[in-house]
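A.B. asks: Here's a structure for you.
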Amino acid sequence: MPKLMKFSRLLSVLPLLFLAGCNMVVMAPSGDIAAQQRDLIVVSTVLMLLIIVPVIFLTLLFAWRYRRSNTAATYAPEWHHSTRLEIVIWAAPLAIIIALGAVTWISTHKLDPYRPLDRLDAERAIPADTKPLTVEVVALDWKWLFFYPELGIATVNEMAAPVDQPINFKITASSVMNSFYIPALAGQIYAMPGMETKLHAVINKEGEYEGFSANYSGAGFSHMRFKFHGLNREGFDAWVAKVKQQGTMLNRDAYLKLEKPSEKEPVRYYAGADGDLYTAILNMCATPGKMCMNEMMHIDMMGGGGKESAENREKLQYDNRHADEGVVAPGATVPATGVPARAEPPRNSGGSSMQHDVPDMPGMQHEGHSMPATGNGADPAPAQLNNNN
């Protein structure tokens with residue numbers, strides 16, 4: 001028995017050992033939005049435990065109370081219904097579901113990342129003369145690019161913001177989908193090519209925090225990390241001055257070199273950046289000769305360009321912008337890269353590749369197989385589809 005008690009105490013300590021090695025930043029954040037999200041996790045967990053804990057306790061109690069050796073327990077094999085018990089069983093979970101639904105509804109609107117902030121923290125409102133700091137974020141393969149349009153600077157894999165100043169993030173990506181995440185600041189939000197997502201947040205404590213991509217995006221994903229500095233006003237001004245002093249110029253040519261896939265990219269500073277570069281990245285036309293997506297959407301809005309717009313086809317091909325240079329990101333699609341699929345074509349029992357050889361149809365030829373023609377130029381559908389017999 002003493003050995004059993006000692007073993008049980010050891011088991012009770014094991015969870016604490018696991019927690020000691022965990023990064024608890026999500027439960028101890030430094031920004032008001034992340035703090036509200038932490039509170040939502042706690043409230044939801046407590047509400048669910050109001051059901052889970054009694055159920056676990058009663059399960060153990062019933063197993064002990066009605067064990068086979070306990071002859072003093074009431075034996076009622078014909079019992080099948082209790083109104084009071086049914087009310088407890090259904091009313092308690094229903095109340096929990098209503099409470100969770102109310103909390104979820106309120107939090108979904110209050111913590112909407114597109115919603116501008118209405119407070120600095122639980123005790124302070126935003127002063128009327130406070131101007132938010134705008135930061136434009138671009139997820140590259142595999143690094144982060146940050147524009148400060150109001151300051152005229154840009155950085156790679158490092159960003160900073162003053163304490164207690166709202167931050168308006170505008171987020172996009174250059175090639176594949178990523179997820180922008182600073183756990184101490186706010187929840188994650190996706191970065192997608194050709195689209196702009198938004199995030200409003202504020203950092204309330206000075207310090208150095210980690211940011212990273214929370215969405216797998218290829219070979220360099222695990223090293224796609226950056227440092228976020230929460231600084232006082234003097235410290236932030238000094239950081240901006242350092243960027244301007246040590247940085248170079250970020251123009252289109254420099255960006256196209258930076259955009260190429262690379263891993264473990266060091267921190268870089270840019271003392272200046274083209275004013276329209278972020279807009280060009282967002283509209284996928286930073287590469288010379290590409291049509292911007294907003295131009296294409298304007299043409300569509302005006303009714304399309306007609307047959308003359310056929311010449312725009314190459315200008316709208318964005319996924320193969322590095323294929324001519326031999327730079328291919330892992331996982332790129334076959335049509336974009338021109339690289340044949342790795343899988344071998346299925347073979348029949350005779351050992352030859354299975355292909356469907358059918359008569360050719362003008363304009364519908366495909367590699368390995370074709371669609372049959374009907375002989376009627378006005379109706380390209382196969383004859384068997386028009387046979388009502």
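Quick note on naming: the chains in the structure tokens go A, B, ... in the order shown, residues restart at 1 in each chain, and ligands are numbered from 1 in order of appearance.
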For the strand (DSSP E) assignment from backbone DSSP, which residues of stretch 16-217 of chain A qualify? Please present them as a ChimeraX atom specification.
C.D. replies: /A:119-121,124-125,133-140,143-148,153-156,158-162,167-173,178-182,186-191,197-201,207-213
A.B. asks: Determine, counting only C-alpha atoms, which protein, DNA and RNA residues have an atom within 12 Å of an atom of A:Arg38; residues of the same chain fewer than 4 positions away are not included. Present the result as a VMD selection string.
C.D. replies: chain A and resid 24 to 34 42 to 45 107 111 183 to 187
A.B. asks: For those residues, write all heavy atoms to a file as a CSV table (one decimal), in the first residue's frame.
C.D. replies:
```csv
chain,number,residue,atom,x,y,z
A,24,MET,N,3.4,29.7,-21.8
A,24,MET,CA,2.0,30.0,-21.4
A,24,MET,C,1.6,31.4,-21.8
A,24,MET,O,0.8,32.1,-21.2
A,24,MET,CB,1.9,29.9,-19.9
A,24,MET,CG,2.1,28.5,-19.3
A,24,MET,SD,0.9,27.3,-19.9
A,24,MET,CE,-0.6,27.9,-19.0
A,25,VAL,N,2.2,31.9,-22.9
A,25,VAL,CA,2.0,33.3,-23.3
A,25,VAL,C,0.5,33.5,-23.7
A,25,VAL,O,0.0,34.6,-23.5
A,25,VAL,CB,2.9,33.6,-24.5
A,25,VAL,CG1,2.6,32.8,-25.7
A,25,VAL,CG2,2.8,35.1,-24.9
A,26,VAL,N,-0.2,32.5,-24.2
A,26,VAL,CA,-1.6,32.6,-24.6
A,26,VAL,C,-2.4,32.9,-23.3
A,26,VAL,O,-3.4,33.7,-23.4
A,26,VAL,CB,-2.1,31.4,-25.3
A,26,VAL,CG1,-3.6,31.5,-25.5
A,26,VAL,CG2,-1.4,31.2,-26.6
A,27,MET,N,-2.0,32.3,-22.2
A,27,MET,CA,-2.8,32.5,-21.0
A,27,MET,C,-2.2,33.7,-20.1
A,27,MET,O,-2.8,34.0,-19.1
A,27,MET,CB,-2.8,31.3,-20.1
A,27,MET,CG,-3.4,30.1,-20.8
A,27,MET,SD,-5.0,30.4,-21.6
A,27,MET,CE,-6.0,30.6,-20.1
A,28,ALA,N,-1.1,34.3,-20.6
A,28,ALA,CA,-0.5,35.5,-19.9
A,28,ALA,C,-0.1,36.5,-20.9
A,28,ALA,O,1.1,36.8,-21.0
A,28,ALA,CB,0.6,35.0,-19.0
A,29,PRO,N,-1.0,37.0,-21.7
A,29,PRO,CA,-0.7,37.9,-22.8
A,29,PRO,C,-0.3,39.3,-22.3
A,29,PRO,O,-0.5,39.7,-21.1
A,29,PRO,CB,-1.9,37.9,-23.7
A,29,PRO,CG,-3.0,37.7,-22.7
A,29,PRO,CD,-2.5,36.8,-21.6
A,30,SER,N,0.2,40.2,-23.2
A,30,SER,CA,0.5,41.5,-22.9
A,30,SER,C,-0.3,42.6,-23.7
A,30,SER,O,0.0,43.8,-23.6
A,30,SER,CB,2.0,41.7,-23.2
A,30,SER,OG,2.8,40.8,-22.4
A,31,GLY,N,-1.2,42.1,-24.4
A,31,GLY,CA,-2.1,43.0,-25.2
A,31,GLY,C,-3.6,42.8,-24.8
A,31,GLY,O,-4.0,41.7,-24.4
A,32,ASP,N,-4.4,43.9,-24.9
A,32,ASP,CA,-5.7,43.8,-24.5
A,32,ASP,C,-6.6,42.8,-25.3
A,32,ASP,O,-7.4,42.1,-24.7
A,32,ASP,CB,-6.4,45.2,-24.5
A,32,ASP,CG,-7.8,45.2,-24.0
A,32,ASP,OD1,-8.0,44.9,-22.8
A,32,ASP,OD2,-8.7,45.6,-24.8
A,33,ILE,N,-6.4,42.8,-26.6
A,33,ILE,CA,-7.2,41.8,-27.4
A,33,ILE,C,-6.9,40.4,-27.0
A,33,ILE,O,-7.8,39.6,-26.8
A,33,ILE,CB,-6.9,42.1,-28.9
A,33,ILE,CG1,-7.4,43.4,-29.3
A,33,ILE,CG2,-7.6,41.0,-29.7
A,33,ILE,CD1,-8.9,43.6,-29.2
A,34,ALA,N,-5.6,40.1,-26.9
A,34,ALA,CA,-5.2,38.7,-26.4
A,34,ALA,C,-5.7,38.4,-25.0
A,34,ALA,O,-6.1,37.3,-24.7
A,34,ALA,CB,-3.7,38.6,-26.5
A,42,VAL,N,-11.0,31.0,-20.7
A,42,VAL,CA,-11.3,30.6,-19.3
A,42,VAL,C,-12.8,30.5,-19.0
A,42,VAL,O,-13.2,29.5,-18.4
A,42,VAL,CB,-10.6,31.7,-18.4
A,42,VAL,CG1,-11.0,31.4,-16.9
A,42,VAL,CG2,-9.1,31.7,-18.5
A,43,VAL,N,-13.6,31.5,-19.5
A,43,VAL,CA,-15.0,31.4,-19.2
A,43,VAL,C,-15.6,30.2,-19.9
A,43,VAL,O,-16.4,29.5,-19.3
A,43,VAL,CB,-15.7,32.7,-19.7
A,43,VAL,CG1,-17.2,32.6,-19.7
A,43,VAL,CG2,-15.2,33.9,-18.9
A,44,SER,N,-15.3,29.9,-21.1
A,44,SER,CA,-15.8,28.8,-21.8
A,44,SER,C,-15.4,27.5,-21.1
A,44,SER,O,-16.3,26.5,-21.0
A,44,SER,CB,-15.3,28.8,-23.3
A,44,SER,OG,-15.7,29.9,-23.9
A,45,THR,N,-14.2,27.4,-20.7
A,45,THR,CA,-13.7,26.2,-20.0
A,45,THR,C,-14.5,26.0,-18.7
A,45,THR,O,-14.9,24.8,-18.4
A,45,THR,CB,-12.2,26.2,-19.7
A,45,THR,OG1,-11.5,26.4,-21.0
A,45,THR,CG2,-11.7,25.0,-19.1
A,107,SER,N,-18.7,37.9,-28.0
A,107,SER,CA,-17.3,37.9,-28.2
A,107,SER,C,-17.0,37.9,-29.7
A,107,SER,O,-16.0,38.5,-30.2
A,107,SER,CB,-16.6,36.7,-27.6
A,107,SER,OG,-16.8,36.7,-26.2
A,111,LEU,N,-14.7,41.0,-30.5
A,111,LEU,CA,-13.3,40.7,-30.9
A,111,LEU,C,-13.1,40.5,-32.4
A,111,LEU,O,-12.2,39.9,-32.8
A,111,LEU,CB,-12.9,39.4,-30.1
A,111,LEU,CG,-12.9,39.6,-28.6
A,111,LEU,CD1,-12.5,38.2,-27.9
A,111,LEU,CD2,-12.0,40.7,-28.1
A,183,PRO,N,1.1,35.8,-30.4
A,183,PRO,CA,0.3,35.3,-29.3
A,183,PRO,C,0.1,36.3,-28.1
A,183,PRO,O,-1.0,36.4,-27.6
A,183,PRO,CB,1.0,34.1,-28.8
A,183,PRO,CG,1.8,33.6,-29.9
A,183,PRO,CD,2.2,34.8,-30.7
A,184,ALA,N,1.2,37.1,-27.8
A,184,ALA,CA,1.1,38.1,-26.8
A,184,ALA,C,0.2,39.3,-27.1
A,184,ALA,O,-0.3,40.0,-26.2
A,184,ALA,CB,2.5,38.6,-26.3
A,185,LEU,N,0.0,39.5,-28.4
A,185,LEU,CA,-0.7,40.7,-28.9
A,185,LEU,C,-2.2,40.4,-29.2
A,185,LEU,O,-3.1,41.2,-28.8
A,185,LEU,CB,0.0,41.2,-30.1
A,185,LEU,CG,-0.6,42.5,-30.7
A,185,LEU,CD1,-0.4,43.7,-29.8
A,185,LEU,CD2,0.1,42.8,-32.1
A,186,ALA,N,-2.5,39.4,-30.1
A,186,ALA,CA,-3.8,39.1,-30.5
A,186,ALA,C,-3.8,37.8,-31.2
A,186,ALA,O,-2.8,37.1,-31.4
A,186,ALA,CB,-4.3,40.2,-31.5
A,187,GLY,N,-5.0,37.3,-31.5
A,187,GLY,CA,-5.2,36.0,-32.2
A,187,GLY,C,-4.6,36.1,-33.6
A,187,GLY,O,-4.4,37.1,-34.2
```
A.B. asks: To one decimal place, how far is atom CA of A:Glu259 from atom CA of A:Phe146 in Å?
C.D. replies: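 Rounded to one decimal, the two atoms are 13.0 Å apart.
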A.B. asks: Using Å and a single decimal, report how far atom CA of A:Val156 sits from atom CA of A:Lys143.
C.D. replies: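 Result for atom CA of A:Lys143 versus atom CA of A:Val156: 7.0 Å, one decimal.
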A.B. asks: Residues within 8 Å of A:Tyr114, please, as a list in words. Count only C-alpha atoms; anything in the same chain fewer than 3 positions from it doesn't count.
C.D. replies: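 Once the nearby chain positions are removed, what remains is Thr197, Lys198, Leu199 and His200 of chain A.
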A.B. asks: With only C-alpha atoms counted and 8 Å as the cut-off, give the residues of stretch 242-287 of chain A in contact with stretch 212-231 of chain A, each with its shortest interatomic distance in Å and the pair that gives it, as JSON lines.
C.D. replies:
```
{"residue": "A:Ser262", "atom": "CA", "partner": "A:Gly220", "partner_atom": "CA", "distance": 7.3}
{"residue": "A:Glu263", "atom": "CA", "partner": "A:Gly220", "partner_atom": "CA", "distance": 5.2}
{"residue": "A:Lys264", "atom": "CA", "partner": "A:His223", "partner_atom": "CA", "distance": 5.8}
```
A.B. asks: Calculate how many Å separate atom CA of A:Glu265 from atom CA of A:Met192, rounding to one decimal.
C.D. replies: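 Answer for the atom CA of A:Glu265 to atom CA of A:Met192 separation: 20.7 Å.
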A.B. asks: Write out as a list in words the residues lying within 8 Å of A:Ala139, counting only C-alpha atoms and excluding same-chain residues fewer than 6 positions away.
C.D. replies: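 Using only C-alpha atoms, the neighbours found are Leu145, Ile171, Thr172, Ala173, Ser174, Asn178, Phe180 and Ala191 of chain A.
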A.B. asks: Selected residues, N, CA and C atoms, written as a PDB file, in the first residue's frame, please.
C.D. replies:
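That gives us result-v2.pdb:
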```
ATOM      1  N   LEU A 145       7.576  40.671 -44.201  1.00  0.00           N
ATOM      2  CA  LEU A 145       7.927  42.018 -44.612  1.00  0.00           C
ATOM      3  C   LEU A 145       6.911  42.987 -44.022  1.00  0.00           C
ATOM      4  N   ILE A 171      -2.931  43.070 -43.903  1.00  0.00           N
ATOM      5  CA  ILE A 171      -2.164  41.843 -44.076  1.00  0.00           C
ATOM      6  C   ILE A 171      -2.473  41.198 -45.415  1.00  0.00           C
ATOM      7  N   THR A 172      -1.421  40.792 -46.128  1.00  0.00           N
ATOM      8  CA  THR A 172      -1.571  40.057 -47.384  1.00  0.00           C
ATOM      9  C   THR A 172      -0.392  39.105 -47.520  1.00  0.00           C
ATOM     10  N   ALA A 173      -0.326  38.399 -48.647  1.00  0.00           N
ATOM     11  CA  ALA A 173       0.754  37.445 -48.908  1.00  0.00           C
ATOM     12  C   ALA A 173       1.174  37.561 -50.361  1.00  0.00           C
ATOM     13  N   SER A 174       2.382  37.086 -50.655  1.00  0.00           N
ATOM     14  CA  SER A 174       2.892  37.194 -52.014  1.00  0.00           C
ATOM     15  C   SER A 174       2.596  35.958 -52.848  1.00  0.00           C
ATOM     16  N   ASN A 178      -0.677  32.132 -45.569  1.00  0.00           N
ATOM     17  CA  ASN A 178      -0.004  32.015 -44.288  1.00  0.00           C
ATOM     18  C   ASN A 178      -0.949  32.486 -43.190  1.00  0.00           C
ATOM     19  N   PHE A 180      -0.734  35.100 -39.802  1.00  0.00           N
ATOM     20  CA  PHE A 180       0.022  36.063 -38.998  1.00  0.00           C
ATOM     21  C   PHE A 180      -0.394  35.923 -37.541  1.00  0.00           C
ATOM     22  N   ALA A 191      -3.116  35.437 -43.913  1.00  0.00           N
ATOM     23  CA  ALA A 191      -2.530  36.291 -44.942  1.00  0.00           C
ATOM     24  C   ALA A 191      -2.658  35.552 -46.264  1.00  0.00           C
TER      25      ALA A 191
END
```
A.B. asks: Rank nothing, just name the residue among A:Ala273, A:Ile89, A:Ala63, A:Ile189 nearest to A:Glu150, using only C-alpha atoms.
C.D. replies: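 The shortest atom-to-atom distance to A:Glu150 comes from A:Ala273.
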A.B. asks: Which neighbours of stretch 243-254 of chain A fall inside 12 Å, counting only C-alpha atoms, when residues of the same chain fewer than 3 positions from it are skipped, and could you give them as a count of residues only?
C.D. replies: 41
A.B. asks: Which residue out of A:Gln188, A:Asn204, A:Asn168, A:Asn70 has the minimum interatomic distance to A:Lys131 when only C-alpha atoms are used?
C.D. replies: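 Of A:Gln188, A:Asn204, A:Asn168, A:Asn70, the one nearest A:Lys131, counting only C-alpha atoms, is A:Asn168.
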